[in-house]
file my_file-v3.cif (mmCIF, C-alpha atoms)
data_my_file
#
loop_
_atom_site.label_atom_id
_atom_site.label_comp_id
_atom_site.auth_asym_id
_atom_site.auth_seq_id
_atom_site.Cartn_x
_atom_site.Cartn_y
_atom_site.Cartn_z
CA MET L 1 -25.77 2.63 -50.74
CA SER L 2 -25.15 -0.84 -52.12
CA PRO L 3 -26.06 -4.49 -51.47
CA GLN L 4 -22.50 -5.06 -50.27
CA LEU L 5 -22.87 -2.42 -47.56
CA ALA L 6 -26.12 -3.99 -46.40
CA ALA L 7 -24.43 -7.41 -46.34
CA LEU L 8 -21.52 -6.01 -44.32
CA LEU L 9 -23.72 -4.36 -41.70
CA ALA L 10 -25.88 -7.48 -41.39
CA LEU L 11 -22.80 -9.68 -41.03
CA GLN L 12 -21.37 -7.37 -38.37
CA ARG L 13 -24.63 -7.50 -36.46
CA ALA L 14 -24.93 -11.28 -36.74
CA GLU L 15 -21.36 -12.14 -35.75
CA GLU L 16 -20.67 -9.44 -33.16
CA PRO L 17 -23.93 -8.29 -31.55
CA GLU L 18 -22.08 -7.13 -28.41
CA THR L 19 -20.49 -4.28 -30.41
CA ARG L 20 -22.85 -1.38 -30.91
CA VAL L 21 -22.60 0.19 -34.37
CA VAL L 22 -23.73 3.83 -34.49
CA ILE L 23 -24.24 4.94 -38.10
CA SER L 24 -24.45 8.49 -39.42
CA GLU L 25 -24.51 9.84 -42.97
CA GLY L 26 -23.01 13.05 -44.26
CA SER L 27 -20.64 14.63 -46.73
CA SER L 28 -17.19 13.24 -47.39
CA ILE L 29 -15.48 16.29 -45.91
CA ASP L 30 -17.47 15.85 -42.68
CA LEU L 31 -16.49 12.19 -42.63
CA PHE L 32 -12.77 12.88 -42.99
CA ARG L 33 -12.88 15.68 -40.42
CA GLY L 34 -14.73 13.35 -38.05
CA LEU L 35 -12.12 10.64 -38.51
CA ASP L 36 -9.34 13.16 -37.94
CA LYS L 37 -10.99 14.46 -34.73
CA GLY L 38 -11.92 11.02 -33.43
CA ASP L 39 -15.68 11.51 -33.85
CA TYR L 40 -15.81 8.42 -36.09
CA ASP L 41 -13.83 5.22 -36.01
CA VAL L 42 -14.44 4.11 -39.59
CA GLY L 43 -16.12 5.46 -42.69
CA ILE L 44 -17.19 3.97 -46.00
CA THR L 45 -17.32 6.27 -48.98
CA SER L 46 -16.60 6.53 -52.69
CA GLU L 47 -14.49 9.64 -52.14
CA THR L 48 -10.75 9.15 -52.71
CA SER L 49 -9.25 12.63 -52.48
CA THR L 50 -8.57 13.88 -48.96
CA ALA L 51 -6.13 16.21 -47.26
CA PHE L 52 -6.44 14.29 -43.99
CA THR L 53 -4.17 11.51 -42.79
CA VAL L 54 -6.30 8.39 -43.08
CA SER L 55 -5.80 4.73 -43.84
CA ILE L 56 -7.66 3.42 -46.91
CA GLN L 57 -8.81 -0.15 -47.49
CA GLN L 58 -10.25 -0.67 -50.97
CA LEU L 59 -13.53 -2.57 -50.94
CA TRP L 60 -15.98 -3.10 -53.80
CA ARG L 61 -16.53 -1.30 -57.09
CA VAL L 62 -19.80 -0.55 -58.88
CA GLU L 63 -20.27 0.08 -62.59
CA LEU L 64 -21.83 3.35 -63.72
CA ALA L 65 -24.42 3.43 -66.50
CA VAL L 66 -26.83 5.77 -68.26
CA ALA L 67 -30.46 6.18 -67.19
CA LEU L 68 -32.81 6.94 -70.10
CA PRO L 69 -36.56 7.61 -70.39
CA LEU L 70 -38.70 4.90 -71.97
CA ARG L 71 -39.12 6.74 -75.29
CA SER L 72 -35.57 8.04 -75.68
CA PRO L 73 -34.11 7.73 -79.20
CA LEU L 74 -30.87 6.69 -77.49
CA LEU L 75 -32.50 3.33 -76.73
CA ALA L 76 -31.64 2.40 -80.31
CA HIS L 77 -28.12 1.84 -78.92
CA ARG L 78 -27.49 -1.35 -76.95
CA THR L 79 -24.53 0.48 -75.44
CA ILE L 80 -24.28 4.28 -75.42
CA PRO L 81 -21.28 6.02 -77.04
CA LEU L 82 -20.15 9.08 -75.10
CA GLU L 83 -20.50 11.18 -78.22
CA ALA L 84 -24.21 10.33 -78.41
CA LEU L 85 -24.73 11.69 -74.90
CA ARG L 86 -23.28 15.13 -75.50
CA PRO L 87 -26.43 16.88 -76.80
CA ALA L 88 -28.68 15.53 -74.03
CA PRO L 89 -29.41 17.50 -70.83
CA LEU L 90 -27.64 15.81 -67.93
CA ILE L 91 -29.20 15.18 -64.51
CA TYR L 92 -26.79 14.21 -61.76
CA GLY L 93 -25.26 15.04 -58.41
CA PHE L 94 -26.83 13.39 -55.37
CA PRO L 95 -24.99 15.56 -52.83
CA PRO L 96 -24.03 15.25 -50.05
CA THR L 97 -23.57 11.49 -50.35
CA LEU L 98 -22.07 11.13 -53.84
CA GLU L 99 -20.01 14.21 -54.66
CA VAL L 100 -17.55 11.97 -56.49
CA LEU L 101 -20.29 10.88 -58.91
CA SER L 102 -20.84 14.49 -59.89
CA ARG L 103 -17.17 14.89 -60.77
CA LEU L 104 -17.18 11.63 -62.70
CA ALA L 105 -20.18 12.80 -64.69
CA ASP L 106 -18.31 16.02 -65.51
CA THR L 107 -15.42 13.92 -66.80
CA VAL L 108 -17.48 11.33 -68.65
CA VAL L 109 -19.66 13.84 -70.49
CA ASP L 110 -17.42 16.88 -70.84
CA ASN L 111 -19.29 19.80 -72.36
CA GLN L 112 -19.24 23.18 -70.62
CA ASP L 113 -22.18 24.45 -72.69
CA ARG L 114 -24.51 21.52 -72.02
CA ALA L 115 -27.71 21.89 -70.03
CA PHE L 116 -27.69 20.08 -66.69
CA SER L 117 -29.58 19.75 -63.44
CA ARG L 118 -27.75 19.09 -60.18
CA ILE L 119 -30.17 17.34 -57.86
CA MET L 120 -30.22 16.02 -54.29
CA SER L 121 -31.40 12.43 -54.59
CA PHE L 122 -31.47 9.41 -56.86
CA GLU L 123 -35.27 9.40 -56.57
CA LEU L 124 -35.54 12.92 -58.02
CA MET L 125 -33.15 11.98 -60.83
CA THR L 126 -35.37 8.98 -61.60
CA GLY L 127 -38.49 11.15 -61.78
CA MET L 128 -36.87 13.79 -63.98
CA VAL L 129 -35.40 11.22 -66.38
CA ALA L 130 -38.72 9.35 -66.60
CA ALA L 131 -40.48 12.63 -67.39
CA GLY L 132 -38.06 13.31 -70.26
CA TYR L 133 -36.08 16.19 -68.76
CA GLY L 134 -32.74 14.59 -69.57
CA ILE L 135 -30.51 11.59 -68.99
CA GLY L 136 -28.91 10.41 -65.76
CA ILE L 137 -25.63 8.80 -64.76
CA ALA L 138 -25.79 6.49 -61.75
CA PRO L 139 -24.67 3.05 -60.51
CA GLN L 140 -25.96 0.40 -62.89
CA ALA L 141 -27.60 -1.68 -60.16
CA ARG L 142 -29.62 1.28 -58.89
CA ILE L 143 -30.94 2.08 -62.36
CA LEU L 144 -31.99 -1.55 -62.83
CA GLN L 145 -33.78 -1.48 -59.48
CA ALA L 146 -35.74 1.60 -60.60
CA ARG L 147 -36.76 0.35 -64.05
CA GLY L 148 -40.38 0.09 -62.91
CA SER L 149 -40.31 3.88 -62.46
CA GLY L 150 -40.10 4.61 -66.17
CA ILE L 151 -36.36 4.56 -66.81
CA VAL L 152 -34.11 2.18 -68.75
CA MET L 153 -30.44 1.33 -68.19
CA ARG L 154 -27.79 1.35 -70.92
CA PRO L 155 -24.05 0.72 -70.33
CA PHE L 156 -21.33 2.89 -71.82
CA ALA L 157 -20.04 1.74 -75.21
CA GLU L 158 -16.46 2.66 -74.34
CA GLY L 159 -16.38 0.01 -71.62
CA PRO L 160 -17.06 -0.14 -67.89
CA ILE L 161 -16.74 3.08 -65.93
CA VAL L 162 -16.51 2.13 -62.27
CA LEU L 163 -17.00 3.85 -58.95
CA GLY L 164 -14.80 2.46 -56.18
CA THR L 165 -15.69 2.29 -52.50
CA GLY L 166 -13.20 2.22 -49.65
CA LEU L 167 -13.10 1.88 -45.88
CA PHE L 168 -11.35 4.78 -44.16
CA ARG L 169 -10.01 5.16 -40.64
CA ALA L 170 -7.58 7.44 -38.87
CA ALA L 171 -3.98 6.36 -39.45
CA GLY L 172 -2.79 4.18 -36.59
CA ASN L 173 -6.29 3.34 -35.34
CA THR L 174 -6.01 -0.40 -34.75
CA ALA L 175 -8.63 -0.95 -32.05
CA PRO L 176 -9.73 -4.63 -32.02
CA ALA L 177 -13.37 -3.86 -32.85
CA ILE L 178 -12.28 -1.81 -35.85
CA GLU L 179 -9.90 -4.53 -37.04
CA ARG L 180 -12.71 -7.09 -36.90
CA PHE L 181 -15.06 -4.77 -38.81
CA ALA L 182 -12.37 -4.22 -41.46
CA ARG L 183 -11.86 -7.97 -41.85
CA ARG L 184 -15.59 -8.46 -42.40
CA ALA L 185 -15.60 -5.66 -44.96
CA HIS L 186 -12.77 -7.36 -46.81
CA ALA L 187 -14.59 -10.70 -46.71
CA VAL L 188 -17.76 -9.19 -48.19
CA ALA L 189 -15.76 -7.34 -50.86
CA GLU L 190 -13.95 -10.54 -51.88
CA SER L 191 -16.97 -12.84 -51.89
CA ASP L 192 -20.11 -13.39 -53.92
CA TYR L 193 -22.10 -12.09 -50.96
CA ARG L 194 -25.44 -13.19 -52.48
CA ASN L 195 -24.74 -16.91 -52.91
CA THR L 196 -22.28 -17.93 -50.20
CA PRO L 197 -22.43 -18.68 -46.48
CA LEU L 198 -21.71 -14.98 -45.95
CA SER L 199 -25.24 -14.06 -46.96
CA ARG L 200 -26.75 -16.80 -44.82
CA ALA L 201 -24.68 -15.78 -41.80
CA ALA L 202 -25.63 -12.16 -42.31
CA HIS L 203 -29.27 -12.96 -41.73
CA ARG L 204 -28.82 -14.67 -38.36
CA ILE L 205 -30.00 -11.52 -36.65
CA PRO L 206 -29.54 -11.62 -32.87
CA ASN L 207 -32.46 -11.19 -30.52
CA GLU L 208 -30.49 -9.48 -27.77
CA TRP L 209 -27.92 -6.68 -27.73
CA GLN L 210 -25.09 -6.67 -25.21
CA ARG L 211 -23.57 -3.22 -25.45
CA THR L 212 -20.11 -3.76 -24.07
CA ASP L 213 -18.13 -2.11 -26.86
CA SER L 214 -18.88 0.81 -29.16
CA LEU L 215 -17.87 1.18 -32.78
CA MET L 216 -18.68 4.61 -34.17
CA SER L 217 -18.96 4.47 -37.95
CA ALA L 218 -20.06 6.60 -40.84
CA PRO L 219 -20.79 4.12 -43.66
CA ARG L 220 -21.66 5.88 -46.91
#
call {"tool": "encode", "arguments": {"input": "my_file-v3.cif", "output": "C-alpha cells"}}
result
Amino acid sequence: MSPQLAALLALQRAEEPETRVVISEGSSIDLFRGLDKGDYDVGITSETSTAFTVSIQQLWRVELAVALPLRSPLLAHRTIPLEALRPAPLIYGFPPTLEVLSRLADTVVDNQDRAFSRIMSFELMTGMVAAGYGIGIAPQARILQARGSGIVMRPFAEGPIVLGTGLFRAAGNTAPAIERFARRAHAVAESDYRNTPLSRAAHRIPNEWQRTDSLMSAPR
C-alpha cells in the first residue's frame, strides 16, 4: 500500500463515480491468473516476473530502507552499509502481498547462514524490530510512519534501492473504463499527488453511486 494508490483510488471515485470499482487483495500469482482468466480487469503490484501474457504500465517507485530498534548500535551510521547489516538477524517477508520484497531482501543482504524471520505483516515486523529481535527492510515511507512504534529508519549507504509498482492487465484489454483508470494511474504517477490539483480533486467524494459500469480490479 502507498499514498499514490490511495490518491489513485480517490481520484477514480471522484471523477468517475458511475464506475463501480471492486477491490480484492491476494498473491501475485492469483492476480496474474485472475487477469488471464478474466476474473480481474486490472491489477497493481510490485511483482514483475510472470509467465502470463499481460500488459505492464510502470507507475511509481518507492525507496527501501532499514528499520532499526531505538537502541541499535547501527544508529551510529547516518546511512547503513550493506556490510554492517550482515551479522544482524533479518526480519522480512510480508506475504502474500509483497513476495518481491522478500526476494529483494535476499539479494540486498546475501548471507545463507544468517538468522532470519519471515513474517506475515509489516505490523509484526515493526513489533519484532522494536523489541530487538533483528532489523527489517521495508519501504522508507512506511518505516517513517511507524517511528512512534519504537523503530528508526536509516537509508542504505550504497544508494537508493527502489521497489517499482506497475499496473497490469490482460494483453489486448482496452475497455474504455480500463483505459480511463490507466490514464488516471499515469497522472498520479507523474504528479506530485500531495500538492497539486490532483489531490484536491481526489477528495471531492461523490454522495451518490450510479452503478452503470463495472471495473474489477485487484490493486496491491
call {"tool": "resolve_selection", "arguments": {"input": "my_file-v3.cif", "expression": "the PyMOL selection byres ((chain L and resi 137) around 8)", "output": "list in words"}}
result
Leu64, Ala65, Val66, Ala67, Leu90, Ile91, Tyr92, Ala105, Ile135, Gly136, Ala138 and Pro139 of chain L
call {"tool": "closest_residue", "arguments": {"input": "my_file-v3.cif", "among": "L:Ala157, L:Ala130, L:Leu5, L:Met125", "to": "Trp60 in chain L", "atoms": "only C-alpha atoms"}}
result
L:Leu5
call {"tool": "atom_distance", "arguments": {"input": "my_file-v3.cif", "atom1": "CA of Glu179 in chain L", "atom2": "CA of Gly26 in chain L"}}
result
23.1 Å
call {"tool": "resolve_selection", "arguments": {"input": "my_file-v3.cif", "expression": "the PyMOL selection byres ((chain L and resi 32) around 9)", "output": "list in words"}}
result
Ser27, Ser28, Ile29, Asp30, Leu31, Arg33, Gly34, Leu35, Asp36, Lys37, Tyr40, Gly43, Thr50, Ala51, Phe52, Thr53, Val54, Phe168, Arg169 and Ala170 of chain L
call {"tool": "write_last_selection", "arguments": {"input": "my_file-v3.cif", "atoms": "C-alpha atoms", "output": "PDB file, keeping the file's coordinate frame"}}
result
ATOM      1  CA  SER L  27     -20.640  14.630 -46.730  1.00  0.00           C
ATOM      2  CA  SER L  28     -17.190  13.240 -47.390  1.00  0.00           C
ATOM      3  CA  ILE L  29     -15.480  16.290 -45.910  1.00  0.00           C
ATOM      4  CA  ASP L  30     -17.470  15.850 -42.680  1.00  0.00           C
ATOM      5  CA  LEU L  31     -16.490  12.190 -42.630  1.00  0.00           C
ATOM      6  CA  ARG L  33     -12.880  15.680 -40.420  1.00  0.00           C
ATOM      7  CA  GLY L  34     -14.730  13.350 -38.050  1.00  0.00           C
ATOM      8  CA  LEU L  35     -12.120  10.640 -38.510  1.00  0.00           C
ATOM      9  CA  ASP L  36      -9.340  13.160 -37.940  1.00  0.00           C
ATOM     10  CA  LYS L  37     -10.990  14.460 -34.730  1.00  0.00           C
ATOM     11  CA  TYR L  40     -15.810   8.420 -36.090  1.00  0.00           C
ATOM     12  CA  GLY L  43     -16.120   5.460 -42.690  1.00  0.00           C
ATOM     13  CA  THR L  50      -8.570  13.880 -48.960  1.00  0.00           C
ATOM     14  CA  ALA L  51      -6.130  16.210 -47.260  1.00  0.00           C
ATOM     15  CA  PHE L  52      -6.440  14.290 -43.990  1.00  0.00           C
ATOM     16  CA  THR L  53      -4.170  11.510 -42.790  1.00  0.00           C
ATOM     17  CA  VAL L  54      -6.300   8.390 -43.080  1.00  0.00           C
ATOM     18  CA  PHE L 168     -11.350   4.780 -44.160  1.00  0.00           C
ATOM     19  CA  ARG L 169     -10.010   5.160 -40.640  1.00  0.00           C
ATOM     20  CA  ALA L 170      -7.580   7.440 -38.870  1.00  0.00           C
TER      21      ALA L 170
END
call {"tool": "residues_near_point", "arguments": {"input": "my_file-v3.cif", "point": "(-16.0, 3.5, -57.3)", "cutoff": "6 Å", "atoms": "only C-alpha atoms", "output": "JSON, numbers by chain"}}
result
{"L": [46, 61, 62, 162, 163, 164, 165]}
call {"tool": "resolve_selection", "arguments": {"input": "my_file-v3.cif", "expression": "the PyMOL selection byres ((chain L and resi 155) around 10)", "output": "list in words"}}
result
Glu63, Leu64, Ala65, Val66, Ala67, His77, Arg78, Thr79, Ile80, Pro81, Ile137, Gln140, Met153, Arg154, Phe156, Ala157, Glu158, Gly159, Pro160 and Ile161 of chain L
call {"tool": "atom_distance", "arguments": {"input": "my_file-v3.cif", "atom1": "CA of Ile44 in chain L", "atom2": "CA of Arg20 in chain L"}}
result
17.0 Å
call {"tool": "atom_distance", "arguments": {"input": "my_file-v3.cif", "atom1": "CA of Leu59 in chain L", "atom2": "CA of Gln12 in chain L"}}
result
15.6 Å
call {"tool": "closest_residue", "arguments": {"input": "my_file-v3.cif", "among": "L:Ile143, L:Val152, L:Ala182, L:Val22", "to": "Arg71 in chain L", "atoms": "all atoms listed in the file"}}
result
L:Val152
call {"tool": "closest_atom_pairs", "arguments": {"input": "my_file-v3.cif", "of": "range 144-177 of chain L", "to": "range 183-187 of chain L", "cutoff": "12 Å", "atoms": "only C-alpha atoms", "output": "JSON lines"}}
result
{"residue": "L:Thr165", "atom": "CA", "partner": "L:Ala185", "partner_atom": "CA", "distance": 11.0}
{"residue": "L:Gly166", "atom": "CA", "partner": "L:Ala185", "partner_atom": "CA", "distance": 9.5}
{"residue": "L:Leu167", "atom": "CA", "partner": "L:Ala185", "partner_atom": "CA", "distance": 8.0}
{"residue": "L:Phe168", "atom": "CA", "partner": "L:Ala185", "partner_atom": "CA", "distance": 11.3}
{"residue": "L:Thr174", "atom": "CA", "partner": "L:Arg183", "partner_atom": "CA", "distance": 11.9}
{"residue": "L:Pro176", "atom": "CA", "partner": "L:Arg183", "partner_atom": "CA", "distance": 10.6}
{"residue": "L:Ala177", "atom": "CA", "partner": "L:Arg183", "partner_atom": "CA", "distance": 10.0}
